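Engineer: My questions will all concern the structure given below.
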Amino acid sequence: MSRIPFTKMHGCGNDYIYINVSQHPIDDPKTAAIKWSDRHKGIGSDGLVLIGKSAVPEADFTMRIFNADGSEALMCGNASRCIGKYVYERGLTTKTEIRLLTLSGIKVLSLHVNGNIVESVTVDMGEPAFDVPTQFVDSRGMDKGTFVSMGNPHYVIFTENVDQVGETGHSLEYHPAFPQRCNIELARIEEDGTIRTRVWERGSGITQACGTGACATAAAAVLTGKAGRTSQIAMDGGVLSIEWRERDNHIYMTGPATFVFDGEIE
């Protein structure tokens with residue numbers, strides 16, 4: 001049985017298993033994601049990320065991401081930052097601006113480098129979309145939320161009860177209003193203006209952080225008049241800086257990426 005090298009990384013606690021599939025192809029990534037993500041019997045993670053070489057000249061690398069339940073996600077901001085750090089520090093590129101092909105399009109990563117170390121990464125997350133679900137979403141007694149698409153669907157509810165994210169997320173992920181299921185964010189504006197946010201990711205449950213969720217929360221805060229176009233989103237695993245620029249209507253996310261360990265698995 002062959003052994004596959006992997007790298008464990010996290011962005012603000014949102015942890016994934018990363019594999020360079022240009023060197024080590026994965027035949028069945030859905031099954032691998034389920035098995036390897038198990039925190040008791042596997043490596044333990046929020047999912048599996050496959051890094052590949054791009055077959056199109058418009059992009060430098062590709063990303064495929066599989067949640068802990070095996071479902072394939074369209075995009076992950078935290079994983080994108082980790083890929084930027086991985087490909088630069090592992091010598092796969094010398095570029096500090098990287099174009100990453102995802103299922104929700106090409107994302108541009110700007111690496112903030114000190115010496116040979118990528119200290120943080122800014123990701124152009126593109127324009128948010130606000131396609132309203134076809135029916136009212138029962139938010140379990142909370143205020144009605146705001147639907148935001150960042151290439152994947154999010155439903156942001158502003159509430160003082162952010163610790164109800166487990167119960168609320170579990171009930172709303174499969175709500176009929178969301179035919180593709182939905183990521184759920186509960187958010188609260190703190191006295192210093194920071195937006196405290198907790199996340200339920202479809203396919204993974206409660207996670208320490210979610211890059212697209214942070215962007216969706218910041219956009220929802222602007223739309224509802226709760227914050228300006230620059231926000232600090234404080235998630236369970238750390239803080240992400242989000243800017244929704246008027247110039248191009250794109251949302252830019254800046255945050256850290258961290259190596260945890262390397263290993264091999266059968």
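By convention in this document, the chains of the structure tokens carry letters A, B, ... by their order, each chain's residues are numbered from 1, and ligands are numbered from 1 in the order they are shown.
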What's around segment 116-130 of chain A at 10 Å? Count only C-alpha atoms, leave out sequence neighbours fewer than 6 positions away in its own chain, and write the answer as a short mmCIF file (atom, residue, chain, number, x, y, z; two decimals) with C-alpha atoms, in the first residue's frame.
Structural biologist:
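Saved result, around_10.cif, follows:
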```
data_model
loop_
_atom_site.label_atom_id
_atom_site.label_comp_id
_atom_site.auth_asym_id
_atom_site.auth_seq_id
_atom_site.Cartn_x
_atom_site.Cartn_y
_atom_site.Cartn_z
CA GLY A 11 -5.99 29.66 8.78
CA MET A 75 -14.26 27.94 -2.42
CA CYS A 76 -12.51 28.49 0.92
CA GLY A 77 -10.76 31.72 1.80
CA ASN A 78 -8.70 30.26 4.65
CA SER A 80 -6.62 29.82 -0.31
CA ARG A 81 -4.31 31.72 2.04
CA CYS A 82 -2.71 28.48 3.15
CA ILE A 83 -2.10 27.47 -0.45
CA GLY A 84 -0.33 30.79 -1.05
CA LYS A 85 2.00 30.12 1.86
CA TYR A 86 2.50 26.48 0.84
CA TYR A 88 5.80 29.94 -1.96
CA GLU A 89 7.61 28.50 1.04
CA GLY A 91 9.56 26.52 -3.57
CA THR A 94 8.70 32.67 -6.65
CA THR A 96 4.17 36.97 -4.62
CA GLU A 97 0.96 37.40 -6.61
CA ILE A 98 -0.64 34.06 -7.40
CA ARG A 99 -3.71 33.27 -9.45
CA LEU A 100 -5.59 30.31 -7.99
CA SER A 104 -15.93 29.59 -8.10
CA GLY A 105 -13.40 31.15 -10.47
CA ILE A 106 -9.85 32.47 -10.32
CA LYS A 107 -8.85 34.14 -7.06
CA VAL A 108 -5.80 36.43 -6.80
CA LEU A 109 -3.58 35.91 -3.75
CA SER A 110 -1.21 38.71 -2.68
CA THR A 146 -29.06 38.31 5.13
CA PHE A 147 -28.24 35.94 2.29
CA VAL A 148 -24.81 36.55 0.74
CA SER A 149 -23.02 34.49 -1.91
CA MET A 150 -19.23 34.60 -1.99
CA GLY A 151 -19.10 31.89 -4.63
CA ASN A 152 -20.75 29.72 -1.98
CA PRO A 153 -23.95 30.45 -0.04
CA HIS A 154 -24.04 32.12 3.38
CA GLY A 211 -12.90 33.06 5.10
CA THR A 212 -15.92 33.32 2.84
CA CYS A 215 -16.53 38.20 3.92
CA ALA A 216 -20.26 37.45 3.91
CA ALA A 219 -20.96 42.51 3.55
CA ALA A 220 -24.13 41.85 5.53
CA SER A 241 -9.45 41.83 8.18
CA ILE A 242 -12.12 42.42 5.54
CA GLU A 243 -12.41 45.37 3.14
CA TRP A 244 -15.27 45.82 0.67
CA ARG A 245 -13.80 48.31 -1.80
CA ASP A 248 -14.17 47.55 -7.92
CA ASN A 249 -16.93 46.26 -5.59
CA HIS A 250 -14.63 43.36 -4.62
CA ILE A 251 -14.12 42.09 -1.09
CA TYR A 252 -10.53 41.65 0.06
CA MET A 253 -9.65 39.35 2.95
CA THR A 254 -6.34 39.48 4.82
CA GLY A 255 -5.20 36.99 7.42
CA PRO A 256 -2.54 34.52 8.52
CA ALA A 257 -1.74 31.01 7.34
CA THR A 258 0.08 28.50 9.54
#
```
Engineer: Check the DSSP output for the backbone and give back, as a PyMOL selection string, the residues of segment 9-217 of chain A in strand (DSSP E or B).
Structural biologist: chain A and resi 9-11+14-20+47-53+61-67+72-73+97-102+105-114+117-124+129+146-149+153-158+183-189+195-201+205-207
Engineer: I need the residues of segment 6-253 of chain A that end up classed as alpha helix (DSSP H) by DSSP on the backbone, written out as a compact mmCIF listing (two decimals) with N, CA and C atoms, in the first residue's frame.
Structural biologist:
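Result file follows (part.txt):
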```
# COMPACT_ATOMS: atom_id res chain seq x y z
N PRO A 29 -10.97 11.38 -3.72
CA PRO A 29 -10.81 12.41 -2.67
C PRO A 29 -11.99 12.50 -1.72
N LYS A 30 -13.19 12.16 -2.15
CA LYS A 30 -14.35 12.23 -1.26
C LYS A 30 -14.20 11.24 -0.11
N THR A 31 -13.85 10.00 -0.46
CA THR A 31 -13.66 8.99 0.58
C THR A 31 -12.47 9.34 1.47
N ALA A 32 -11.40 9.83 0.86
CA ALA A 32 -10.21 10.21 1.62
C ALA A 32 -10.53 11.33 2.61
N ALA A 33 -11.33 12.31 2.16
CA ALA A 33 -11.68 13.42 3.05
C ALA A 33 -12.43 12.93 4.28
N ILE A 34 -13.36 12.03 4.08
CA ILE A 34 -14.13 11.49 5.21
C ILE A 34 -13.24 10.73 6.17
N LYS A 35 -12.40 9.87 5.63
CA LYS A 35 -11.55 9.01 6.46
C LYS A 35 -10.47 9.81 7.17
N TRP A 36 -9.77 10.66 6.45
CA TRP A 36 -8.63 11.38 7.02
C TRP A 36 -9.04 12.52 7.93
N SER A 37 -10.24 13.09 7.72
CA SER A 37 -10.66 14.22 8.54
C SER A 37 -11.14 13.80 9.92
N GLY A 77 -11.73 30.65 1.68
CA GLY A 77 -10.76 31.72 1.80
C GLY A 77 -9.57 31.35 2.66
N ASN A 78 -9.81 30.66 3.79
CA ASN A 78 -8.70 30.26 4.65
C ASN A 78 -7.78 29.27 3.94
N ALA A 79 -8.35 28.34 3.21
CA ALA A 79 -7.53 27.38 2.47
C ALA A 79 -6.74 28.07 1.36
N SER A 80 -7.33 29.09 0.74
CA SER A 80 -6.62 29.82 -0.31
C SER A 80 -5.37 30.49 0.25
N ARG A 81 -5.49 31.09 1.43
CA ARG A 81 -4.31 31.72 2.04
C ARG A 81 -3.24 30.69 2.35
N CYS A 82 -3.68 29.54 2.83
CA CYS A 82 -2.71 28.48 3.15
C CYS A 82 -2.00 27.99 1.90
N ILE A 83 -2.72 27.89 0.80
CA ILE A 83 -2.10 27.47 -0.45
C ILE A 83 -1.04 28.48 -0.88
N GLY A 84 -1.33 29.78 -0.72
CA GLY A 84 -0.33 30.79 -1.05
C GLY A 84 0.96 30.59 -0.27
N LYS A 85 0.83 30.36 1.03
CA LYS A 85 2.00 30.12 1.86
C LYS A 85 2.70 28.83 1.46
N TYR A 86 1.94 27.79 1.19
CA TYR A 86 2.50 26.48 0.84
C TYR A 86 3.34 26.56 -0.43
N VAL A 87 2.76 27.08 -1.51
CA VAL A 87 3.47 27.04 -2.80
C VAL A 87 4.69 27.95 -2.79
N TYR A 88 4.64 29.03 -2.01
CA TYR A 88 5.80 29.94 -1.96
C TYR A 88 6.91 29.37 -1.09
N GLU A 89 6.58 28.96 0.11
CA GLU A 89 7.61 28.50 1.04
C GLU A 89 8.15 27.13 0.69
N VAL A 165 -24.87 28.89 17.62
CA VAL A 165 -24.54 28.58 16.24
C VAL A 165 -24.72 27.10 15.92
N GLY A 166 -24.48 26.22 16.89
CA GLY A 166 -24.63 24.79 16.64
C GLY A 166 -26.08 24.42 16.35
N GLU A 167 -26.96 24.82 17.25
CA GLU A 167 -28.38 24.50 17.09
C GLU A 167 -28.96 25.18 15.85
N THR A 168 -28.62 26.46 15.66
CA THR A 168 -29.16 27.20 14.53
C THR A 168 -28.60 26.69 13.21
N GLY A 169 -27.30 26.47 13.17
CA GLY A 169 -26.68 25.99 11.94
C GLY A 169 -27.19 24.62 11.52
N HIS A 170 -27.33 23.75 12.49
CA HIS A 170 -27.82 22.40 12.20
C HIS A 170 -29.22 22.44 11.61
N SER A 171 -30.05 23.36 12.09
CA SER A 171 -31.43 23.42 11.61
C SER A 171 -31.56 24.15 10.28
N LEU A 172 -30.68 25.13 10.03
CA LEU A 172 -30.84 25.94 8.83
C LEU A 172 -30.02 25.47 7.63
N GLY A 211 -13.26 31.86 5.83
CA GLY A 211 -12.90 33.06 5.10
C GLY A 211 -14.06 33.65 4.33
N THR A 212 -14.77 32.81 3.58
CA THR A 212 -15.92 33.32 2.84
C THR A 212 -17.01 33.77 3.80
N GLY A 213 -17.11 33.09 4.95
CA GLY A 213 -18.09 33.49 5.96
C GLY A 213 -17.77 34.85 6.57
N ALA A 214 -16.48 35.12 6.77
CA ALA A 214 -16.07 36.44 7.27
C ALA A 214 -16.43 37.52 6.26
N CYS A 215 -16.19 37.23 4.98
CA CYS A 215 -16.53 38.20 3.92
C CYS A 215 -18.04 38.42 3.86
N ALA A 216 -18.80 37.34 3.94
CA ALA A 216 -20.26 37.45 3.91
C ALA A 216 -20.77 38.26 5.10
N THR A 217 -20.19 38.03 6.27
CA THR A 217 -20.60 38.76 7.46
C THR A 217 -20.31 40.25 7.32
N ALA A 218 -19.13 40.58 6.81
CA ALA A 218 -18.77 41.99 6.61
C ALA A 218 -19.72 42.65 5.62
N ALA A 219 -20.04 41.96 4.54
CA ALA A 219 -20.96 42.51 3.55
C ALA A 219 -22.36 42.71 4.13
N ALA A 220 -22.81 41.73 4.90
CA ALA A 220 -24.13 41.85 5.53
C ALA A 220 -24.16 43.01 6.52
N ALA A 221 -23.05 43.24 7.23
CA ALA A 221 -22.98 44.35 8.17
C ALA A 221 -23.10 45.69 7.46
N VAL A 222 -22.47 45.80 6.28
CA VAL A 222 -22.59 47.03 5.50
C VAL A 222 -24.03 47.22 5.01
N LEU A 223 -24.61 46.16 4.49
CA LEU A 223 -25.97 46.24 3.94
C LEU A 223 -27.00 46.63 4.99
```
Engineer: Skip Arg188 of chain A itself and residues of its chain fewer than 3 positions away, then list as a VMD selection string all residues within 7 Å of it, counting only C-alpha atoms.
Structural biologist: chain A and resid 158 to 160 162 195 to 197
Engineer: Got a sec: who's within 9 Å of Val239 of chain A, counting only C-alpha atoms, leaving out chain neighbours fewer than 2 positions off, as a list in words?
Structural biologist: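 After dropping sequence-adjacent residues, the list is Cys12, Ala209, Gln232, Ile233, Ala234, Met235, Asp236, Gly237, Ser241, Gly255 and Pro256 of chain A.
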Engineer: Which residue is closest to Gly47 of chain A? Choose from A:Pro176, A:Gly193, A:Gly225, A:Gly203 and count only C-alpha atoms.
Structural biologist: A:Gly203
Engineer: In Å, how far is it from atom CA of Thr102 of chain A to atom CA of Asn183 of chain A?
Structural biologist: 18.1 Å
